[in-house]
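Undergrad: Structure incoming, see below.
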Amino acid sequence: MKRKAFQITVTVLMLLSFVLVSQGFSATRRPNRPDANPGNPVTPTDFPAKFLPGIEKPGVIPEKKYFIAFSNGDMNDLWRLTFVKDVENFANRYMEEFGIKFMWTNAGHNSAKQLADIESLLALKPDLLLMSANEREPLNVVKEMCDEQGVPLIILDRGIVYQPTDDPNDMYIQSQSLDFFLNGIAMGVAVVRFLTEKYGEPKGNVVELAGILGSEPGIQRSQGVKFVL
């Protein structure tokens with residue numbers, strides 16, 4: 001659990017530096033920022049390539065003192081708490097090393113509050129918005145909000161209905177998450193194996209505790225389980 005959160009966080013924070021530096025979002029779309037403090041890369045240059053698909057230069061450093069905003073859906077369990085703390089810890093390292101500004105909000109499992117949080121964050125004109133959506137459908141509008149404001153959007157863990165595209169005008173530039181449908185399939189296979197071992201065939205009563213019904217992990221994981229069963 002901790003390892004998964006750590007891997008996603010490191011990947012995303014390295015990626016956001018790469019994107020901001022290489023694509024020049026701050027210079028072309030957002031307020032001009034002062035030069036970043038000189039420093040050493042936060043992400044090791046030998047970071048495993050398998051965690052960084054499409055990234056050729058691990059260890060890149062930001063050129064400017066970018067303002068990064070992060071909207072989190074909830075912290076109601078140990079995984080979510082660990083995930084948010086990892087994001088915050090790595091952001092603190094960027095702030096200390098390069099002078100990056102980082103601000104984050106937590107919606108407390110309330111999609112309406114998360115939308116309000118994001119409106120407030122976008123009003124501050126960040127160079128990048130990170131979001132882990134409380135629910136998939138209600139937070140889908142955030143993509144359009146970012147398009148309108150010209151703020152690049154990276155989704156962490158919990159996604160929305162929209163998917164990133166190759167359109168240069170599309171501000172939804174990246175999604176970092178697991179394949180929850182495949183995860184559900186693995187769970188379904190495990191259920192079938194258990195029932196077969198117990199009854200000699202895959203029969204029995206199965207109760208699914210889906211978690212947050214409107215979240216992308218809950219939706220896709222449930223679909224994967226039902227695909228098998």
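Letters A, B, ... mark the chains of the structure tokens in the order given; residue numbers begin at 1 per chain; ligand numbers begin at 1, in order shown.
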Taking 5 positions as the minimum chain separation for residues in the same chain, which residues sit within 6 Å of region 148-159 of chain A when counting only C-alpha atoms? Answer as a ChimeraX atom specification.
TA: /A:128-133,171-177,216
Undergrad: For Leu229 (chain A), please output as a list in words all residues within 10 Å (counting only C-alpha atoms; exclusion window: fewer than 6 positions along the same chain).
TA: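 Here the qualifying residues turn out to be Ile185, Gly188, Val189, Val191, Val192, Pro202, Lys203, Val206 and Gln223 of chain A.
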Undergrad: Tell me, in Å to one decimal, how far CA of Pro31 (chain A) is from CA of Phe102 (chain A).
TA: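 Those two atoms sit 15.4 Å apart.
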Undergrad: What lies within 6 Å of His109 (chain A) using only C-alpha atoms, ignoring chain neighbours under 4 positions off, as a list in words?
TA: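 Once the nearby chain positions are removed, what remains is Gly73, Asp74 and Asn134 of chain A.
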Undergrad: Measure the distance from CA of Leu122 (chain A) to CA of Asn89 (chain A) in Å and round it to one decimal.
TA: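 That distance, rounded to one decimal, is 22.3 Å.
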Undergrad: With DSSP run on the backbone, what are the alpha helix (DSSP H) residues within region 51-222 of chain A? I'd like them as a VMD selection string.
TA: chain A and resid 78 to 98 111 to 123 141 to 149 180 to 199 216 to 222
Undergrad: When distances are computed from only C-alpha atoms, which of A:Arg33, A:Lys85, A:Lys101, A:Lys143 shows the smallest separation from Glu119 (chain A)?
TA: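 Checking each candidate against Glu119 (chain A), we get A:Lys143 as the closest.
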